[in-house]
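K.L.:
Quick one: the structure is below, and I'll ask about it shortly.
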Amino acid sequence: MEKVYDPHDFEDRLYRDWEEHGYFTAVRDDNKVPFTIMMPPPNITGQLHMGHALDNTLQDAITRFKRMQGYCALWLPGTDHASIATEVKIVEEMAKEGLTKEGVGREEFLKRAWAWKEKYGGRIVEQLKKMGSSCDWSRLSFTMDEKCSKAVREVFVNLYNKGLIYRGSRIINWCPHCRTALSDAEVIYGEENSFFWHLKYQIEGSDEYLVVATTRPETMFGDTAVAVNPEDERYKHLIGKNVILPIVGKPIPVVGDEHADMEFGTGCVKITPAHDPNDFEVGLRHNLPVVRVMNDDGTMNENAGKYCGMDRYECRKLLEKDLEEGGYLLKKQPHAHNVGHCYRCDCTVEPIVSKQWFVKMAPLARPAINAVTYKKTTFIPERFAKIYYNWMENVKDWCISRQLWWGHRIPVWYCPDCGAEICLKTDPEVCPKCGGRHLRQDEDVLDTWFSSALWPFSTLGYPDDTPDLDYFYPTDLLVTGYDIIFFWVARMIFSGLEHMRKVPFRYVLIHGIVRDDKGRKMSKSLGNGVDPLVIIDKYGADSLRFSLLQGVAPGNDMRYSETKVESCRNFMNKIWNASRYVVMNCEGRNIKPLSEVKLAAADKWIISKLNAAVRDVTLALNKFELGVACQILYDFMWSDFCDWYIELTKPALWSDDEVKKDDAVSVLHYVLTTALKLLHPFVPFITDEIYRSLPGTQGSVMVQDFPRYNSKLSYKKESTAFEGIMDIIKSVRAVKTETGCAPSKKVTLYVMAANRRMISANADSILKLGGAAEIKFVASKEEAGEKPVTKVLPNCTLFIPMGELVDLEKEKERLEKELERVTGEIRRADGKLNNQGFLSKAPKSLVDSEREKLNKFCDLREKLLSQLKDLQD
RNA sequence: GAAGGUGUAGUUCAGUUGGUUAGAACGCUACCUUGACAUGGUAGAGGUCGUUGGUUCGAGUCCAAUCAUCUUCACCA
């Protein structure tokens with residue numbers, strides 16, 4: 001093994017090896033329990049970012065853990081065609097050649113799109129491999145591949161036949177830039193400073209007028225009424241009369257409707273059913289005509305009279321001037337309000353009445369709510385269930401048609417001859433109603449999320465009854481960020497229930513987003529994104545993985561900082577070098593199974609620590625608390641194994657006792673191999689590389705059994721006793737530092753103890769780690785020579801003569817400080833034990849341990865007092 | 001407007017069903033190149049767990065109020 005840890009030496013090589021051995025491939029086995037995770041498919045336009053890195057590391061760690069535990073673990077990867085995002089890219093690319101989408105036509109456009117997908121769609125896959133992702137590439141899927149497309153078709157037709165998909169003219173969100181409809185989830189609202197224009201609408205044949213306040217004056221050409229509250233005394237009498245629409249001169253009715261809030265604005269609302277969701281509803285209630293005044297590109301149409309052809313904002317400007325000149329503009333008041341933007345291009349969306357396809361949500365939402373209520377699916381952390389309910393309970397029908405070309409084309413045909421609308425699982429040649437040969441397919445494609453919603457079963461072969469579907473569905477876990485609960489998680493749940501009759505996954509592990517070191521969201525516009533590949537190149541994938549997992553708590557955002565990766569790299573180096581120590585010492589030695597080793601106290605201590613780590617890591621992982629698991633392993637490896645145990649083996653390994661050496665090496669070997677297995681799910685590369693370097697191992701660590709907790713290895717009594725030895729060592733070190741004694745100076749250690757056996761047995765360790773020359777047992781302080789420093793421990797008292805270095809005053813201070821601490825403890829324990837409530841209500845074990853502590857501290861106090869008294873003399 | 005998160009050491013964060021004197025990393029101080037590792041070791045400084053009440057024998061942890069901060073959803077034209 002090389003002296004310094006260098007991940008470049010092995011990461012790529014090991015990944016190839018794993019792939020070649022087919023370790024990632026889930027082979028169905030009826031003797032095994034399946035464990036399935038569906039990877040949230042990244043967009044084919046995407047590049048690996050820290051969000052992916054976190055998401056995939058979580059999934060990979062859990063998959064590797066389950067695989068080692070003997071589950072048939074399937075982590076199914078794939079990519080998403082990302083309808084809008086990809087289409088925008090292709091259009092941009094064509095624009096460079098001076099081409100337009102309409103110019104080249106649908107067929108040629110799709111050809112280019114597929115070529116683009118072939119060229120760039122695999123980038124993200126290669127990047128995921130650099131992370132060490134152990135997904136089953138043999139099952140790699142794509143939302144537009146044959147399998148998934150078949151599922152989309154099946155689902156669409158079934159929903160259509162059940163009447164759960166319908167086509168209708170409704171108010172939808174329209175992006176004038178992307179020129180497509182958007183679902184509610186695809187609109188992002190942001191507050192903007194604008195104005196309130198107060199406009200004068202004259203009552204027909206009267207001097208009276210109403211003042212309406214609007215933020216969208218340019219939509220007035222589509223006004224088909226003015227609403228006032230039916231209870232409003234100011235305007236009640238005008239209901240049923242007409243007002244004259246300014247500029248246009250057209251009479252429109254005044255209607256009474258609850259929608260008009262008497263407290264807000266002037267209490268009069270202009271009603272533009274074609275351009276406002278609320279007005280649309282009012283329009284339905286009062287049978288008002290719907291007049292669209294805008295084209296798909298955001299320009300005004302012929303209904304806007306002289307403003308026809310103008311951009312919506314240009315029109316607003318000119319109209320304002322005209323209204324003012326006509327005396328209609330009474331007031332222009334600054335006003336901040338929320339405006340919707342397209343989540344892809346950020347363009348201001350336009351609510352518009354348009355003929356689109358919708359999924360009827362009410363019948364689908366109910367079972368989806370129940371599934372979570374009855375814990376068929378559990379959110380981790382649970383609070384996200386509330387967010388889910390809130391959305392599901394208020395969900396409106398889902399607009400699924402998009403005026404794009406890249407995507408699943410809507411499988412509906414229209415017959416111009418008889419007017420039939422045909423929706424079938426196979427493409428019709430002729431009209432099944434009239435035999436007409438002029439069928440025309442609907443031009444639109446489906447929302448990308450329509451196919452993503454089917455991901456947990458479309459990838460397994462639905463609608464066919466495949467063995468994979470039978471074996472792996474429902475899946476076990478979904479890992480994703482809270483930002484796509486609505487887009488994706490919710491839609492998968494109702495889709496799974498509707499089409500498979502079972503929830504798609506049992507647990508949803510929600511994680512936060514990765515922010516930059518200042519807590520800001522990483523974004524292109526801020527330019528603060530960190531490329532995981534650059535970090536991997538610099539520090540290795542394991543360091544990046546560990547830095548993302550350490551301290552991660554479900555649902556919480558986390559900050560990325562390179563310092564953290566660096567500290568994780570240092571941890572990797574620590575593991576590396578500790579292993580190097582073990583490997584070097586294994587050379588030429590007889591490595592025995594633990595059962596044949598004569599275990600010393602230190603051995604039992606580290607074995608019990610390891611055993612506890614096995615238990616706690618397994619518990620944490622079963623609860624998907626990866627951050628906790630990593631912390632346990634970090635502490636075990638660095639503090640227990642490296643700082644203590646390795647140092648403790650040195651006296652034996654430097655001795656001439658061959659049996660002792662074999663024993664020491666055997667325990668080192670056992671502890672390290674077990675620890676490597678525990679660490680493997682988190683840092684797969686380094687653990688495998690070391691595992692293969694260790695004598696007596698075969699193959700990769702990734703196919704070994706995950707260690708199991710063994711109650712016989714807990715050695716509770718021996719470990720506690722050994723911790724007493726560790727306390728002696730720590731005390732000697734501390735005394736040396738406190739007295740300013742050079743660490744290299746070997747002191748003589750006088751020990752006053754009732755039980756000398758344990759100390760004698762571990763004398764070597766105390767001498768080596770404490771930096772002492774010899775240990776002498778004494779019966780009193782007087783035997784320890786001139787002015788020794790005193791350290792009182794629970795089971796013994798240490799005297800260390802420091803010669804000239806000792807300052808009596810300082811020594812007294814030290815003992816008094818110690819006494820103060822102990823007295824505090826006694827006060828606390830005493831208080832508890834004198835509390836009737838505590839005695840009667842606290843568990844017995846707690847009372848006992850409190851009593852034990854009290855005794856211990858009382859004893860310590862006695863000793864301290866006696867030492868202080870000695871010092872006075 | 002509604003819902004929710006967060007607030008713990010100088011900084012970034014853990015803290016599992018309430019139960020030792022609240023932990024880690026980074027940074028800081030002093031000392032140390034000892035044969036796995038200076039990407040290291042030893043010892044140490046640093047926190048009244050946002051504030052105030054309450055429940056409890058016992059609260060960082062549960063409840064209420066309050067302040068600060070962030071997010072999501074809805075939206076009054």
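Just remember, in the structure tokens the first chain shown is A, the second B, etc., residues are 1-based per chain, and ligands are 1-based in the order shown.
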Give as number ranges by chain every residue of chain A that touches chain B within 6 Å, counting only C-alpha atoms (C1' of nucleotides).

P.N.:
A: 214, 269, 551, 570, 577-578, 580-581, 734, 737, 837-838

K.L.:
Can you pull out every residue from stretch 656-698 of chain A that DSSP, working from the backbone, puts in helix (DSSP H, G or I), and format the result as a VMD selection string?

P.N.:
chain A and resid 658 to 679 684 to 693

K.L.:
Restrict the selected residues to N, CA, C and O atoms and save them as a compact mmCIF listing (two decimals), in the first residue's frame.

P.N.:
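What follows is the written file again_15.txt:
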```txt
# COMPACT_ATOMS: atom_id res chain seq x y z
N GLU A 658 6.12 -14.25 19.97
CA GLU A 658 5.48 -14.54 18.68
C GLU A 658 3.98 -14.79 18.83
O GLU A 658 3.19 -14.39 17.98
N VAL A 659 3.61 -15.46 19.92
CA VAL A 659 2.19 -15.75 20.13
C VAL A 659 1.42 -14.45 20.37
O VAL A 659 0.36 -14.22 19.81
N LYS A 660 2.00 -13.60 21.20
CA LYS A 660 1.37 -12.30 21.47
C LYS A 660 1.20 -11.51 20.19
O LYS A 660 0.18 -10.86 19.96
N LYS A 661 2.22 -11.58 19.35
CA LYS A 661 2.17 -10.84 18.08
C LYS A 661 1.06 -11.39 17.19
O LYS A 661 0.28 -10.62 16.62
N ASP A 662 0.98 -12.70 17.08
CA ASP A 662 -0.08 -13.32 16.28
C ASP A 662 -1.45 -12.92 16.81
O ASP A 662 -2.37 -12.60 16.05
N ASP A 663 -1.57 -12.96 18.13
CA ASP A 663 -2.85 -12.61 18.74
C ASP A 663 -3.22 -11.17 18.42
O ASP A 663 -4.35 -10.87 18.01
N ALA A 664 -2.27 -10.27 18.61
CA ALA A 664 -2.53 -8.85 18.37
C ALA A 664 -2.96 -8.61 16.92
O ALA A 664 -3.94 -7.92 16.65
N VAL A 665 -2.20 -9.21 16.02
CA VAL A 665 -2.49 -9.02 14.60
C VAL A 665 -3.86 -9.61 14.23
O VAL A 665 -4.60 -9.05 13.44
N SER A 666 -4.19 -10.73 14.87
CA SER A 666 -5.47 -11.35 14.56
C SER A 666 -6.64 -10.46 14.97
O SER A 666 -7.63 -10.33 14.24
N VAL A 667 -6.51 -9.83 16.13
CA VAL A 667 -7.58 -8.93 16.56
C VAL A 667 -7.63 -7.70 15.65
O VAL A 667 -8.70 -7.26 15.22
N LEU A 668 -6.46 -7.15 15.35
CA LEU A 668 -6.41 -6.00 14.43
C LEU A 668 -7.10 -6.34 13.12
O LEU A 668 -7.90 -5.55 12.59
N HIS A 669 -6.79 -7.50 12.62
CA HIS A 669 -7.34 -7.94 11.34
C HIS A 669 -8.86 -8.07 11.43
O HIS A 669 -9.59 -7.60 10.56
N TYR A 670 -9.30 -8.69 12.50
CA TYR A 670 -10.75 -8.87 12.68
C TYR A 670 -11.47 -7.53 12.78
O TYR A 670 -12.47 -7.28 12.12
N VAL A 671 -10.93 -6.65 13.60
CA VAL A 671 -11.59 -5.36 13.80
C VAL A 671 -11.60 -4.55 12.51
O VAL A 671 -12.62 -3.97 12.12
N LEU A 672 -10.48 -4.56 11.82
CA LEU A 672 -10.42 -3.76 10.59
C LEU A 672 -11.35 -4.31 9.51
O LEU A 672 -12.10 -3.53 8.89
N THR A 673 -11.34 -5.61 9.29
CA THR A 673 -12.22 -6.13 8.23
C THR A 673 -13.68 -5.87 8.57
O THR A 673 -14.48 -5.50 7.70
N THR A 674 -14.03 -6.02 9.84
CA THR A 674 -15.41 -5.75 10.22
C THR A 674 -15.75 -4.27 10.01
O THR A 674 -16.80 -3.93 9.47
N ALA A 675 -14.82 -3.41 10.40
CA ALA A 675 -15.05 -1.97 10.24
C ALA A 675 -15.18 -1.60 8.77
O ALA A 675 -15.98 -0.76 8.39
N LEU A 676 -14.39 -2.24 7.92
CA LEU A 676 -14.45 -1.94 6.48
C LEU A 676 -15.82 -2.31 5.93
O LEU A 676 -16.38 -1.59 5.10
N LYS A 677 -16.35 -3.42 6.40
CA LYS A 677 -17.70 -3.81 5.95
C LYS A 677 -18.74 -2.78 6.40
O LYS A 677 -19.63 -2.43 5.65
N LEU A 678 -18.57 -2.31 7.62
CA LEU A 678 -19.51 -1.31 8.13
C LEU A 678 -19.42 -0.01 7.34
O LEU A 678 -20.41 0.68 7.11
N LEU A 679 -18.20 0.33 6.96
CA LEU A 679 -17.98 1.60 6.27
C LEU A 679 -18.31 1.53 4.79
O LEU A 679 -18.54 2.56 4.15
N PRO A 684 -17.43 3.38 -0.57
CA PRO A 684 -17.24 2.06 -1.18
C PRO A 684 -15.84 1.83 -1.76
O PRO A 684 -15.36 0.70 -1.72
N PHE A 685 -15.23 2.87 -2.29
CA PHE A 685 -13.96 2.65 -2.99
C PHE A 685 -12.83 2.29 -2.03
O PHE A 685 -12.19 1.26 -2.17
N ILE A 686 -12.57 3.17 -1.08
CA ILE A 686 -11.42 2.97 -0.20
C ILE A 686 -11.57 1.66 0.58
O ILE A 686 -10.60 0.92 0.77
N THR A 687 -12.79 1.35 0.99
CA THR A 687 -12.98 0.14 1.78
C THR A 687 -12.68 -1.10 0.95
O THR A 687 -12.09 -2.06 1.46
N ASP A 688 -13.07 -1.07 -0.32
CA ASP A 688 -12.81 -2.26 -1.14
C ASP A 688 -11.33 -2.38 -1.47
O ASP A 688 -10.77 -3.47 -1.46
N GLU A 689 -10.72 -1.25 -1.75
CA GLU A 689 -9.30 -1.28 -2.08
C GLU A 689 -8.49 -1.85 -0.91
O GLU A 689 -7.60 -2.69 -1.10
N ILE A 690 -8.81 -1.44 0.29
CA ILE A 690 -8.09 -1.95 1.46
C ILE A 690 -8.45 -3.41 1.72
O ILE A 690 -7.58 -4.24 1.98
N TYR A 691 -9.72 -3.70 1.60
CA TYR A 691 -10.18 -5.06 1.86
C TYR A 691 -9.41 -6.06 1.00
O TYR A 691 -8.99 -7.11 1.47
N ARG A 692 -9.22 -5.69 -0.25
CA ARG A 692 -8.50 -6.59 -1.16
C ARG A 692 -7.01 -6.69 -0.81
O ARG A 692 -6.36 -7.65 -1.20
N SER A 693 -6.49 -5.68 -0.13
CA SER A 693 -5.08 -5.71 0.24
C SER A 693 -4.83 -6.53 1.49
O SER A 693 -3.69 -6.85 1.82
```

K.L.:
Please, what distance in Å, to one decimal, runs between atom CA of A:Thr143 and atom CA of A:His81?

P.N.:
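Taking atom CA of A:Thr143 and atom CA of A:His81, their separation equals 6.0 Å.
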
K.L.:
Taking into account only C-alpha atoms, which residue in the set A:Asp873, A:Asp444, A:Asp830, A:Asp223 is nearest to A:Leu808?

P.N.:
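Closest residue, counting only C-alpha atoms: A:Asp873.
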
K.L.:
Using only C-alpha atoms (C1' of nucleotides), determine which residues lie at most 7 Å from A:Asp557, disregarding the query and same-chain residues fewer than 5 positions distant; provide the list as a list of chain:residue names.

P.N.:
A:Gly512, A:Ile513, A:Val514

K.L.:
Keeping only C-alpha atoms, take the residues you just selected and write them out as an mmCIF file, in the first residue's frame.

P.N.:
```cif
data_model
loop_
_atom_site.group_PDB
_atom_site.id
_atom_site.type_symbol
_atom_site.label_atom_id
_atom_site.label_comp_id
_atom_site.auth_asym_id
_atom_site.auth_seq_id
_atom_site.Cartn_x
_atom_site.Cartn_y
_atom_site.Cartn_z
ATOM 1 C CA GLY A 512 -33.114 19.069 1.823
ATOM 2 C CA ILE A 513 -31.188 20.979 -0.778
ATOM 3 C CA VAL A 514 -27.434 21.505 -0.808
#
```

K.L.:
Determine, counting only C-alpha atoms (C1' of nucleotides), which protein, DNA and RNA residues have an atom within 10 Å of an atom of A:Asn31; residues of the same chain fewer than 4 positions away are not included. Present the result as a VMD selection string.

P.N.:
chain A and resid 70 to 72

K.L.:
What gap, in Å, lies between atom CA of A:Leu798 and atom CA of A:Thr649?

P.N.:
24.0 Å

K.L.:
Applying 10 Å and only C-alpha atoms (C1' of nucleotides), which residues near stretch 766-779 of chain A remain after dropping the ones on its own chain fewer than 6 positions away? List them as a PyMOL selection string.

P.N.:
(chain A and resi 644+647-648+650-651+725-734+736+743-754+756+759-760+797-800) or (chain B and resi 34+42)

K.L.:
Counting only C-alpha atoms (C1' of nucleotides), what is within 9 Å of A:Tyr313, bar same-chain residues fewer than 3 positions away, as a PyMOL selection string?

P.N.:
chain A and resi 218+298-299+310+316-318

K.L.:
Given only C-alpha atoms as the basis, pick out the residue of A:Ala490, A:Thr563, A:Ile124, A:Pro695 nearest to A:Lys592.

P.N.:
A:Pro695

K.L.:
Quote the spacing between atom CA of A:Lys250 and atom CA of A:Thr224 in Å to one decimal place.

P.N.:
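Result for atom CA of A:Lys250 versus atom CA of A:Thr224: 9.3 Å, one decimal.
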